[in-house]
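Written out below as structure tokens is the structure these notes cover.
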Amino acid sequence: MTAVGLRAETVLVKGGVAQSRIVMSQSTAIDSTAAHLLQLFVERISGAKLPVIVTNKLKKGDIVLGESDKAAGEDGFTIASQGDRLHILTGGGKGTAYGVVTLLEQYLGVNYYSKDFYSCPKKKDIVLPAIQRTETPAFRFRQTQCYATEDPIYKLWYRLEEPREIFASNMWVHTFNRILPADIYGKEHPEYYSFINGERRPGTHSQWCLSNPEVFELAAHQIDSIFKANPGMNMISVSQNDGSDTYCHCDKCLAIDEEEGAHSGSLIRFVNKLSERFPDKQFSTLAYLYSMKPPKLVKPLKNVNIMLCDIDCKREVPLTDNASGREFVKALEGWAAISNNIFVWDYGINFDNVVAPFPNFHVLQSNIQLFHKNHVQMHFSQIGGSRGTDYAELRAFMVSKLMWNPYQNADSLMHVFLNGYYGAAAPFLYQYQKIMLGALLSSGQPLWIYDSPVSHKHGMLNPQLLKVYDSLYDEAERAVKDDSVYLDHVRLSRLSLDYAELEIARTEPGHDPAEVRAKLNLFKERTAYFGVPSLNERNNKPADYCELYEKRFLPRTEVNKARGAKVEWILPPAEKYKALGDSALTDDLYGGTTFVESWVGWEGKDGAFVLDLGSEKSFSSVSTDFLHQLGSWVLLPKGVTYSVSSDGKNYIPFGRYEIPEDRSNEVKFVAATVTSPSPVTARYIKVEIQSTKICPPWHYGVGYPAWCFTDEVMVR
């Protein structure tokens, strides 16, 4: 179709009366969705309901949906005037719907900001100018995280997709154990799984022995069954389980990887064989942690998709501008040299503290442009977008817009969203973001995805800056105090600052307990009001956090008789924690859910030390506090033994505390408390920690050293 008569106008509504029809050339599901979306918003703007019909007989003023324009590419579209009619053509996929969204947004003034929150003008006349516009997305698959995708209009508006739409049986990442479950095959065939530290270690997070031909045939059989059970689905992920360095170390696998110069070598050879067995299917595999670097010799076949992950990179600057990022960029460029079928999984939030400031907006555009320039066709921006996540709505808006077109003005996008979502509060929140960004960059402190606000308490979250931020939020709230919707948006975003202040306060003595308690109560009230589901990816709930904070971090009436005690190491912690341990175990300050402060750790070893109380003291209980955080390979010890002495030489038993294995993903604090039926008198307390040492088969780090962290010894 050729557009002519570009001066013509298309009249949709006049005086509140429909003048046009929405015509579908054929009634496909996506064309019908697009038609009814256009109908809905035209009615919301004007009150007039345009009829939706399927016909090849066109009339004056029709809007015609669903004709083909293959040049626009998958999910692309062309909007073209032809006389007084308007045609929205599709390049395939959801192109028709995305063309309608663009028409509504760019020509009818409709803006969709978050779940069920949009703006549109009210007018009785709708007249479209002549239009000639073609758009092709930068990435053929665009995925992000935001609770707002619960709203089907939002998901369509932001042109987002989900793995279940293209991956058979939703097999899209970490699928080894789903394809060949270790609990089914591991006992009789341990040779199917990784050889690690001297033995085969079948487990839910172990990898496959990729050089074993039986593994290939069994996996191929299972994959064939999955495709047959999911007709019409042509893509599957055959990818390593989550975990670092858990690849197979057997002689055959290592020989392949040595020849290829990378641990991805054996993986790509394996997946290439699958792609040859099923040439009409697409196979995606991870280039993640140990497999991030590309092989030297083998090249992925055309139907092999490389899902490359930048999980280890810091986020305070673009990926091209720090050491961790440049290592990833080198891998990206290496893969781009041998494949045009790359899927980048990028990370854009603090997963240990999602409700915490994470000022990374300045790196979004440059990173997405980097991906686009290196043959990346599919992109998942994992931004932890549950309700209450730091600026989840703005982050999702910007990422989604930039995944469609990375070459827009990112600062203008930020202004568009802030003005629409926060109203008159927008200037104050823009200033908040810019001041925090400047403070982050000037501090020299990295920003990473397992961060803590405490890491930034001398930088972007220092006391002077916290006062500035609070002042800006106070101004923002005053600016919208008469609009409950905008006020809620501001207060929802303020939760990240509230949380940071609480986290920092618990690490410092001298804060007014009444003031901290008031902040805690307000945080509890507002997280409940907004329905914030979790504070981290381990599903720790705000209400539990507040209850624990009250008990754990607010001033206690009990006196710790070990406060300030001297620590003498028997089995010292890892070197980087040794100096901290001299004071952290007896400073009366408990650590938080991350181990960047207060925690003292042993890796793969037992721990033991003596507390010198300075003089003989009477007490009846000894308690040592431990961290449980499986995602960081921090496991609880098996048990703790206490003994006491008056002279530091002759010790008598005080008691032992056994700790059962815990496989839950929630971050926890576990106190190993032993109480004597009657008080004892002693100067020295020996604490012997029996660590787990090696990550078990069900854990991400199967076969590798586990960490054990403690932060405080309480003697009462």
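For the structure tokens, the naming scheme is as follows: chains receive sequential letters (A, B, ...) according to their order of presentation, residues are indexed from 1 within each chain, and ligands are indexed from 1 in presentation order.
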
Within 8 Å of Gln431 (chain A), counting only C-alpha atoms, which residues qualify if same-chain residues fewer than 4 places away don't, as a list of chain:residue names?
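Within the cut-off, the hits are A:Pro427, A:Ile435, A:Leu472.
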
I'd like the contact shell of Leu128 (chain A) - 7 Å cut-off, only C-alpha atoms, skipping same-chain residues fewer than 6 positions apart - returned as an MDAnalysis selection string.
chainID A and resid 9:11

Take CA of Ile153 (chain A) and CA of Arg395 (chain A) and report the distance between them in Å, one decimal.
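Taking CA of Ile153 (chain A) as the start and CA of Arg395 (chain A) as the end point, the length is 18.0 Å.
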
For region 575-583 of chain A: contacts at 8 Å, only C-alpha atoms, fewer than 4 positions along chain excluded, given as an NGL selection string
:A and (564 or 566-567 or 587 or 598-601)

Report as a Markdown table: every residue of region 332-449 of chain A with an atom at most 8 Å from region 107-124 of chain A, its closest pair of atoms, and their distance in Å to one decimal, counting only C-alpha atoms, with rows sorted by chain and ascending residue number.
```
| residue | atom | partner | partner_atom | distance |
| --- | --- | --- | --- | --- |
| A:Glu393 | CA | A:Ser114 | CA | 6.3 |
| A:Phe397 | CA | A:Tyr113 | CA | 7.3 |
| A:Phe417 | CA | A:Tyr113 | CA | 6.9 |
| A:Gly420 | CA | A:Tyr113 | CA | 7.2 |
| A:Tyr421 | CA | A:Tyr113 | CA | 6.4 |
```

Export of the given selection (all heavy atoms) as a PDB file, in the first residue's frame:
```pdb
ATOM      1  N   GLU A 393       8.004   2.208  39.198  1.00  0.00           N
ATOM      2  CA  GLU A 393       7.182   2.668  38.076  1.00  0.00           C
ATOM      3  C   GLU A 393       8.013   3.467  37.071  1.00  0.00           C
ATOM      4  O   GLU A 393       7.902   3.269  35.857  1.00  0.00           O
ATOM      5  CB  GLU A 393       6.021   3.519  38.605  1.00  0.00           C
ATOM      6  CG  GLU A 393       5.101   2.792  39.582  1.00  0.00           C
ATOM      7  CD  GLU A 393       5.651   2.710  41.011  1.00  0.00           C
ATOM      8  OE1 GLU A 393       6.659   3.406  41.324  1.00  0.00           O
ATOM      9  OE2 GLU A 393       5.089   1.945  41.813  1.00  0.00           O
ATOM     10  N   PHE A 397       9.087   2.314  33.229  1.00  0.00           N
ATOM     11  CA  PHE A 397       8.749   3.220  32.123  1.00  0.00           C
ATOM     12  C   PHE A 397       9.969   3.466  31.248  1.00  0.00           C
ATOM     13  O   PHE A 397       9.935   3.304  30.023  1.00  0.00           O
ATOM     14  CB  PHE A 397       8.226   4.539  32.691  1.00  0.00           C
ATOM     15  CG  PHE A 397       7.962   5.613  31.669  1.00  0.00           C
ATOM     16  CD1 PHE A 397       6.736   5.693  31.033  1.00  0.00           C
ATOM     17  CD2 PHE A 397       8.938   6.548  31.360  1.00  0.00           C
ATOM     18  CE1 PHE A 397       6.484   6.688  30.095  1.00  0.00           C
ATOM     19  CE2 PHE A 397       8.701   7.548  30.420  1.00  0.00           C
ATOM     20  CZ  PHE A 397       7.464   7.620  29.785  1.00  0.00           C
ATOM     21  N   PHE A 417       7.567  11.126  32.560  1.00  0.00           N
ATOM     22  CA  PHE A 417       6.975  10.264  33.578  1.00  0.00           C
ATOM     23  C   PHE A 417       6.764  11.000  34.895  1.00  0.00           C
ATOM     24  O   PHE A 417       5.681  10.905  35.501  1.00  0.00           O
ATOM     25  CB  PHE A 417       7.839   9.027  33.823  1.00  0.00           C
ATOM     26  CG  PHE A 417       7.207   8.082  34.799  1.00  0.00           C
ATOM     27  CD1 PHE A 417       6.319   7.119  34.362  1.00  0.00           C
ATOM     28  CD2 PHE A 417       7.456   8.176  36.161  1.00  0.00           C
ATOM     29  CE1 PHE A 417       5.698   6.270  35.263  1.00  0.00           C
ATOM     30  CE2 PHE A 417       6.848   7.340  37.071  1.00  0.00           C
ATOM     31  CZ  PHE A 417       5.959   6.376  36.620  1.00  0.00           C
ATOM     32  N   GLY A 420       3.813  13.283  34.755  1.00  0.00           N
ATOM     33  CA  GLY A 420       2.521  12.603  34.648  1.00  0.00           C
ATOM     34  C   GLY A 420       2.149  11.816  35.874  1.00  0.00           C
ATOM     35  O   GLY A 420       0.971  11.740  36.239  1.00  0.00           O
ATOM     36  N   TYR A 421       3.127  11.216  36.542  1.00  0.00           N
ATOM     37  CA  TYR A 421       2.846  10.305  37.649  1.00  0.00           C
ATOM     38  C   TYR A 421       2.827  11.014  38.997  1.00  0.00           C
ATOM     39  O   TYR A 421       2.142  10.574  39.924  1.00  0.00           O
ATOM     40  CB  TYR A 421       3.895   9.194  37.654  1.00  0.00           C
ATOM     41  CG  TYR A 421       3.596   8.043  38.582  1.00  0.00           C
ATOM     42  CD1 TYR A 421       2.568   7.146  38.310  1.00  0.00           C
ATOM     43  CD2 TYR A 421       4.361   7.830  39.731  1.00  0.00           C
ATOM     44  CE1 TYR A 421       2.295   6.083  39.157  1.00  0.00           C
ATOM     45  CE2 TYR A 421       4.105   6.767  40.587  1.00  0.00           C
ATOM     46  CZ  TYR A 421       3.066   5.897  40.287  1.00  0.00           C
ATOM     47  OH  TYR A 421       2.795   4.841  41.132  1.00  0.00           O
TER      48      TYR A 421
END
```

Using DSSP on the backbone coordinates, identify the residues of region 289-488 of chain A assigned to strand (DSSP E or B); present them as a PyMOL selection string.
chain A and resi 304-309+342-347+376-382

Run DSSP on the backbone and tell me which residues of region 191-373 of chain A come out as helix (DSSP H, G or I); list them as a count of residues only.
76

Please provide the set of residues having any atom within 7 Å of Leu613 (chain A), restricted to only C-alpha atoms, with same-chain residues fewer than 6 positions apart removed, written as a PyMOL selection string.
chain A and resi 562+565-566+683-684

Within 7 Å of Tyr657 (chain A) using only C-alpha atoms, minus same-chain residues under 6 positions, as a list in words
Gly639, Val640, Thr641, Ala672, Thr673 and Val674 of chain A

The selected residues should be written to file as an mmCIF file, in the first residue's frame (atoms: N, CA and C atoms).
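Saved result, again24.cif, follows:
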```cif
data_model
loop_
_atom_site.group_PDB
_atom_site.id
_atom_site.type_symbol
_atom_site.label_atom_id
_atom_site.label_comp_id
_atom_site.auth_asym_id
_atom_site.auth_seq_id
_atom_site.Cartn_x
_atom_site.Cartn_y
_atom_site.Cartn_z
ATOM 1 N N GLY A 639 26.192 -26.422 64.660
ATOM 2 C CA GLY A 639 26.036 -26.285 66.103
ATOM 3 C C GLY A 639 27.125 -25.418 66.701
ATOM 4 N N VAL A 640 26.920 -25.027 67.961
ATOM 5 C CA VAL A 640 27.865 -24.184 68.686
ATOM 6 C C VAL A 640 28.073 -24.779 70.078
ATOM 7 N N THR A 641 29.349 -24.836 70.493
ATOM 8 C CA THR A 641 29.685 -25.353 71.825
ATOM 9 C C THR A 641 30.320 -24.234 72.647
ATOM 10 N N ALA A 672 21.938 -18.976 68.691
ATOM 11 C CA ALA A 672 22.297 -20.242 69.339
ATOM 12 C C ALA A 672 22.488 -19.959 70.831
ATOM 13 N N THR A 673 21.419 -20.139 71.593
ATOM 14 C CA THR A 673 21.406 -19.746 73.007
ATOM 15 C C THR A 673 21.447 -20.965 73.919
ATOM 16 N N VAL A 674 22.382 -20.941 74.852
ATOM 17 C CA VAL A 674 22.455 -21.982 75.880
ATOM 18 C C VAL A 674 22.266 -21.310 77.233
#
```

Might you pull out every residue within 7 Å of region 521-524 of chain A, with only C-alpha atoms counted and same-chain residues fewer than 4 positions away left off, and present them as a list in words?
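The residues satisfying every condition are Asp498, Arg517, Ala528, Pro542, Ala543 and Cys546 of chain A.
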
Residue neighbourhood Pro653 (chain A), 7 Å, only C-alpha atoms, exclusion window fewer than 4 positions, as a list in words:
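Returned residues: Tyr642, Ser643 and Val644 of chain A.
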
N, CA, C and O atoms of the current selection, written as a PDB file, in the first residue's frame:
```
ATOM      1  N   TYR A 642      29.847 -24.093  73.876  1.00  0.00           N
ATOM      2  CA  TYR A 642      30.382 -23.072  74.779  1.00  0.00           C
ATOM      3  C   TYR A 642      31.070 -23.746  75.972  1.00  0.00           C
ATOM      4  O   TYR A 642      30.598 -24.773  76.490  1.00  0.00           O
ATOM      5  N   SER A 643      32.179 -23.158  76.384  1.00  0.00           N
ATOM      6  CA  SER A 643      32.826 -23.582  77.630  1.00  0.00           C
ATOM      7  C   SER A 643      33.373 -22.344  78.335  1.00  0.00           C
ATOM      8  O   SER A 643      33.591 -21.302  77.699  1.00  0.00           O
ATOM      9  N   VAL A 644      33.583 -22.440  79.642  1.00  0.00           N
ATOM     10  CA  VAL A 644      33.957 -21.261  80.429  1.00  0.00           C
ATOM     11  C   VAL A 644      35.179 -21.558  81.288  1.00  0.00           C
ATOM     12  O   VAL A 644      35.488 -22.714  81.615  1.00  0.00           O
TER      13      VAL A 644
END
```

d(CA of Phe141 (chain A), CA of Phe358 (chain A)) in Å:
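Those two atoms sit 25.5 Å apart.
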
How many Å lie between CA of Asp346 (chain A) and CA of Phe283 (chain A), rounded to one decimal?
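A separation of 19.8 Å between them.
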
Which is closer to Glu214 (chain A) than all the others in A:Lys519, A:Pro202, A:Ser20, A:Pro190, using only C-alpha atoms?
A:Pro190

Nearest to Pro555 (chain A): which of A:Ile570, A:Ala514, A:Leu319, A:Ile196 is it, counting only C-alpha atoms?
A:Ala514

Determine the nearest neighbour of Asp390 (chain A) from the options A:Lys302, A:Arg491, A:His511, A:Lys693, counting only C-alpha atoms.
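Under the stated criterion, the closest residue is A:Arg491.
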